[in-house]
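Notes follow once the structure below has been shown.
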Amino acid sequence: MKKVLITGALGQIGSELVERLRKDLGEDNVIATDIRKPEGNPTVESGPFEVLDVNDGDAMLELAKKNNVDTVIHLAALLSAVAEQKPQMAWNLNMTGLYNALETARIVDAEFFAPSSIGAFGPNTPKDNTPQDTIMRPTTMYGVTKVAGELLEDYYYTKFGVDTRSVRFPGLISYKTLPGGGTTDYAVDIYYEALRKKHYTSFIKEGSYMDMMYMPDAIDAVVKLLNADPDKLVHRNSFNITAMSFEPEDIKKSIQKIIPDFDMDYDVDPARQKIADSWPNSIDATAAKEEWGFSPSYDLDKMTADMLDKLKDRI
């Protein structure tokens, strides 16, 4: 990995991954792209940036050739809650964009990464300690595109020899970038409201366990997988990864260790709750640990302390 093209670079993952890779590889070696170009944005200002609609495969291929990239990281997608509101748009963006990115990687002979998600699992998947290899019958458009994406990436590996790699991200928590329409967004929102109002109203009901990960661990996982020895990778598309599993009351108690008068109540959003109920309570990341050394650093309390500390200045 020496010269990288990243789609969806202004999103929650992209903005932090661009920053990390520009430090690792040099600013000129990471070409960030997105469908818009906001002035003053750090991702736009800190290195090469191009406006790109991922549905335009010719434009993506031209960018990759012009910059002699050896790695394509495809992050552009509609997330779970938004995808349920706009399922046709979600299919078109999530699948056409992925196909164009895979074709680009095939033609320029580049390593390829695109994330999957715990949303790829469904209500028939084992809920606790969900295995790496298990039934995957999601009931959301987001989940359908993620399962289809995993299969398509495997096809490009076996059929064309494209070095495809992926992880199934849990809910991701970050202090740098606001969430973008996911079911696990409450776990980000709660920290902002704890500092602003010392109160939060959760749209996910009490007792709803979901896997989560702090963004520094997520970024480390992407970089570690991209640098892993390909001969040791068995699963490729996609690896289960997780750092912690908690329900809203757990995160409330963690915050109360630092803000004792913080309180929380519930106003459940049926649409997002339905999605949450279809996902696992906890997943097994053994394959990722054994095949490429995945090892998260943050548990819930360590993440809470860092989130609240970092958000003080932003708020």
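All residue names refer to the structure tokens as shown: chains lettered A, B, ... in order, residues numbered from 1 in each chain, ligands numbered from 1 in order.
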
* Skipping near chain neighbours, those fewer than 2 positions away, what residues fall within 12 Å of Asp263 (chain A) using only C-alpha atoms, listed as a list in words? ->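 Contacts, in chain order: Ile190, Tyr191, Glu193, Ala194, Leu195, Lys197, Lys198, His199, Tyr200, Thr201, Ser202, Pro248, Glu249, Ile251, Lys252, Lys253, Ser254, Ile255, Gln256, Lys257, Ile259, Pro260, Asp261, Asp265 and Tyr266 of chain A.
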
* Within 12 Å of Gln12 (chain A), counting only C-alpha atoms, which residues qualify if same-chain residues fewer than 5 places away don't, as a PyMOL selection string? -> chain A and resi 17-19+43+75-79+171-182+185+188+214-216+218-219

Residues from last step as file, C-alpha atoms, as a PDB file, in the first residue's frame:
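Output file out_25.pdb is given in full below:
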```
ATOM      1  CA  LEU A  17      -8.847   7.043   7.738  1.00  0.00           C
ATOM      2  CA  VAL A  18      -7.625   9.738   5.323  1.00  0.00           C
ATOM      3  CA  GLU A  19      -5.932  11.552   8.199  1.00  0.00           C
ATOM      4  CA  THR A  43      -9.934  16.155   4.498  1.00  0.00           C
ATOM      5  CA  LEU A  75     -16.368   3.661   1.706  1.00  0.00           C
ATOM      6  CA  ALA A  76     -19.212   5.448  -0.110  1.00  0.00           C
ATOM      7  CA  ALA A  77     -22.602   4.010   0.962  1.00  0.00           C
ATOM      8  CA  LEU A  78     -25.956   4.815   2.512  1.00  0.00           C
ATOM      9  CA  LEU A  79     -26.131   3.571   6.118  1.00  0.00           C
ATOM     10  CA  GLY A 171     -21.392   0.378  15.542  1.00  0.00           C
ATOM     11  CA  LEU A 172     -18.620   2.977  15.342  1.00  0.00           C
ATOM     12  CA  ILE A 173     -18.167   5.760  17.877  1.00  0.00           C
ATOM     13  CA  SER A 174     -16.150   8.904  17.121  1.00  0.00           C
ATOM     14  CA  TYR A 175     -15.677  12.369  18.577  1.00  0.00           C
ATOM     15  CA  LYS A 176     -14.373  13.810  15.303  1.00  0.00           C
ATOM     16  CA  THR A 177     -17.221  13.253  12.883  1.00  0.00           C
ATOM     17  CA  LEU A 178     -20.958  13.166  13.469  1.00  0.00           C
ATOM     18  CA  PRO A 179     -22.732   9.904  12.589  1.00  0.00           C
ATOM     19  CA  GLY A 180     -24.457   9.607   9.236  1.00  0.00           C
ATOM     20  CA  GLY A 181     -27.752   7.773   9.649  1.00  0.00           C
ATOM     21  CA  GLY A 182     -26.923   4.481  11.353  1.00  0.00           C
ATOM     22  CA  ASP A 185     -25.883   6.449  16.284  1.00  0.00           C
ATOM     23  CA  VAL A 188     -22.408   8.780  19.690  1.00  0.00           C
ATOM     24  CA  TYR A 214     -14.189   3.180  19.136  1.00  0.00           C
ATOM     25  CA  MET A 215     -13.002   4.767  15.915  1.00  0.00           C
ATOM     26  CA  PRO A 216      -9.240   4.587  16.684  1.00  0.00           C
ATOM     27  CA  ALA A 218     -11.602   0.717  13.666  1.00  0.00           C
ATOM     28  CA  ILE A 219      -8.964   2.711  11.783  1.00  0.00           C
TER      29      ILE A 219
END
```

* Do you know which residues are at most 12 Å from Ser46 (chain A) counting only C-alpha atoms, after dropping those on the same chain fewer than 4 positions away, and could you put them as a list in words? ->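 Near neighbours after the sequence-gap exclusion: Ser15, Val18, Glu19, Arg20, Leu21, Arg22, Lys23, Gly26, Glu27, Asp28, Asn29, Val30, Ile31, Ala32, Glu39, Gly40, Asn41 and Pro42 of chain A.
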
* Asked: Which residue out of A:Phe169, A:Phe203, A:Tyr192, A:Tyr142 has the minimum interatomic distance to Leu93 (chain A) when only C-alpha atoms are used?
  ->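 Closest candidate: A:Tyr142.
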
* **Separation of CA of Arg106 (chain A) from CA of Val69 (chain A) in Å** => 11.8 Å

* Please identify all polymer residues within 12 Å of Thr164 (chain A), counting only C-alpha atoms, omitting same-chain residues fewer than 6 positions from it, and present them as a PyMOL selection string. => chain A and resi 71-74+98+101-103+105-106+109-115+149-158+225-226+228+230+233-239

Closest-contact table, region 124-168 of chain A side, partner region 82-88 of chain A, 12 Å, counting only C-alpha atoms, as a tab-separated table:
```
residue	atom	partner	partner_atom	distance
A:Thr139	CA	A:Glu84	CA	10.0
A:Thr140	CA	A:Glu84	CA	6.6
A:Met141	CA	A:Pro87	CA	5.8
A:Tyr142	CA	A:Ala83	CA	5.8
A:Gly143	CA	A:Ala83	CA	9.4
A:Val144	CA	A:Pro87	CA	10.2
A:Thr145	CA	A:Ala83	CA	9.9
A:Lys146	CA	A:Ala83	CA	11.6
```

Export, as a tab-separated table (two decimals), in the first residue's frame, the selected residues with C-alpha atoms.
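Once written, selection_16.tsv looks like this:
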```
chain	number	residue	atom	x	y	z
A	139	THR	CA	-34.21	-7.97	6.59
A	140	THR	CA	-32.97	-4.47	5.68
A	141	MET	CA	-31.83	-3.07	2.34
A	142	TYR	CA	-28.56	-2.02	3.97
A	143	GLY	CA	-27.98	-5.60	5.12
A	144	VAL	CA	-28.91	-7.01	1.72
A	145	THR	CA	-26.34	-4.78	0.02
A	146	LYS	CA	-23.68	-5.77	2.54
```

* Asked: Using only C-alpha atoms, which residues sit within 8 Å of Thr125 (chain A) once same-chain residues fewer than 5 positions away are excluded, as JSON, numbers by chain?
  -> {"A": [130, 134, 135, 136, 137, 279, 280]}

Could you write out that same residue set with N, CA and C atoms as a short mmCIF file (atom, residue, chain, number, x, y, z; two decimals), in the first residue's frame?
```cif
data_model
loop_
_atom_site.label_atom_id
_atom_site.label_comp_id
_atom_site.auth_asym_id
_atom_site.auth_seq_id
_atom_site.Cartn_x
_atom_site.Cartn_y
_atom_site.Cartn_z
N THR A 130 -21.90 -14.50 17.84
CA THR A 130 -22.20 -14.84 16.46
C THR A 130 -20.96 -15.35 15.74
N THR A 134 -21.78 -18.15 9.34
CA THR A 134 -23.11 -18.44 9.88
C THR A 134 -24.18 -18.01 8.88
N ILE A 135 -25.44 -18.24 9.20
CA ILE A 135 -26.53 -17.84 8.32
C ILE A 135 -26.60 -16.31 8.27
N MET A 136 -26.81 -15.79 7.08
CA MET A 136 -26.88 -14.34 6.88
C MET A 136 -28.10 -14.04 6.01
N ARG A 137 -29.21 -13.71 6.64
CA ARG A 137 -30.46 -13.41 5.95
C ARG A 137 -31.01 -12.09 6.49
N TRP A 279 -30.14 -7.57 14.67
CA TRP A 279 -28.68 -7.72 14.72
C TRP A 279 -28.25 -8.55 15.92
N PRO A 280 -27.02 -9.07 15.92
CA PRO A 280 -26.53 -9.86 17.05
C PRO A 280 -26.37 -9.03 18.32
#
```

* To do: Show which residues sit within 9 Å of Phe246 (chain A), as a ChimeraX atom specification. Count only C-alpha atoms, and ignore same-chain residues fewer than 6 positions away.
  => /A:207-212,281-282,300

Expected file contents, prior selection, N, CA and C atoms, as a compact mmCIF listing (two decimals), in the first residue's frame:
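Heads up, here's the output in part_20.txt:
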```
# COMPACT_ATOMS: atom_id res chain seq x y z
N GLY A 207 -31.91 -2.65 27.22
CA GLY A 207 -31.69 -4.07 27.02
C GLY A 207 -31.28 -4.47 25.63
N SER A 208 -31.14 -3.48 24.72
CA SER A 208 -30.76 -3.79 23.34
C SER A 208 -29.24 -3.81 23.22
N TYR A 209 -28.67 -4.99 23.28
CA TYR A 209 -27.22 -5.13 23.17
C TYR A 209 -26.80 -5.10 21.71
N MET A 210 -25.75 -4.34 21.43
CA MET A 210 -25.16 -4.30 20.09
C MET A 210 -23.65 -4.16 20.22
N ASP A 211 -22.94 -4.74 19.25
CA ASP A 211 -21.49 -4.61 19.24
C ASP A 211 -21.09 -3.20 18.82
N MET A 212 -20.03 -2.70 19.46
CA MET A 212 -19.54 -1.35 19.19
C MET A 212 -18.01 -1.34 19.14
N ASN A 281 -26.36 -9.75 19.45
CA ASN A 281 -26.01 -9.13 20.73
C ASN A 281 -24.50 -9.01 20.89
N SER A 282 -23.79 -10.00 20.38
CA SER A 282 -22.32 -10.01 20.45
C SER A 282 -21.80 -10.94 19.37
N LEU A 300 -15.37 -0.09 27.11
CA LEU A 300 -16.39 0.95 27.25
C LEU A 300 -15.92 2.10 28.13
```

* Asked: Could you pull out all residues of region 2-45 of chain A with a DSSP call of strand (DSSP E or B) and give them as a list in words?
  ->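 Going through region 2-45 of chain A, the strand (DSSP E or B) residues come out as Val4, Leu5, Ile6, Thr7, Val30, Ile31, Ala32, Thr33 and Asp34 of chain A.
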
Print the selection's residues with C-alpha atoms to a file, as a tab-separated table (two decimals), in the first residue's frame.
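Printed below is part_23.tsv as written:
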```tsv
chain	number	residue	atom	x	y	z
A	4	VAL	CA	-4.39	5.04	-2.19
A	5	LEU	CA	-7.72	6.16	-3.67
A	6	ILE	CA	-10.53	6.54	-1.11
A	7	THR	CA	-14.21	7.03	-1.94
A	30	VAL	CA	-3.77	9.50	-0.46
A	31	ILE	CA	-6.34	10.76	-2.98
A	32	ALA	CA	-9.57	11.47	-1.13
A	33	THR	CA	-12.85	11.67	-3.03
A	34	ASP	CA	-16.48	12.40	-2.28
```

* To do: Grab the CA of Asp309 (chain A) to CA of Ile283 (chain A) distance for me, in Å with one decimal place.
  =>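 Atom-to-atom, CA of Asp309 (chain A) to CA of Ile283 (chain A), that is 28.8 Å.
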
* Determine, counting only C-alpha atoms, which protein, DNA and RNA residues have an atom within 9 Å of an atom of Ile258 (chain A); residues of the same chain fewer than 5 positions away are not included. Present the result as a PyMOL selection string. => chain A and resi 304-305+308

* Backbone DSSP call of helix (DSSP H, G or I) for region 85-246 of chain A, listed as a PyMOL selection string -> chain A and resi 85+87-108+118-120+141-160+183-196+215-226+230-232

* Would you please work out which residue, of A:Ala187, A:Ile35, A:Met89, A:Ala288, is nearest to Lys224 (chain A) when using only C-alpha atoms? => A:Ala288

* Structure fact -> In terms of only C-alpha atoms, the residue from A:Asp58, A:Asp301, A:Asp284, A:Asp217 at minimal distance from Gly97 (chain A) is A:Asp58

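A straight line drawn from CA of Ile241 (chain A) to CA of Met307 (chain A) is 20.8 Å long.
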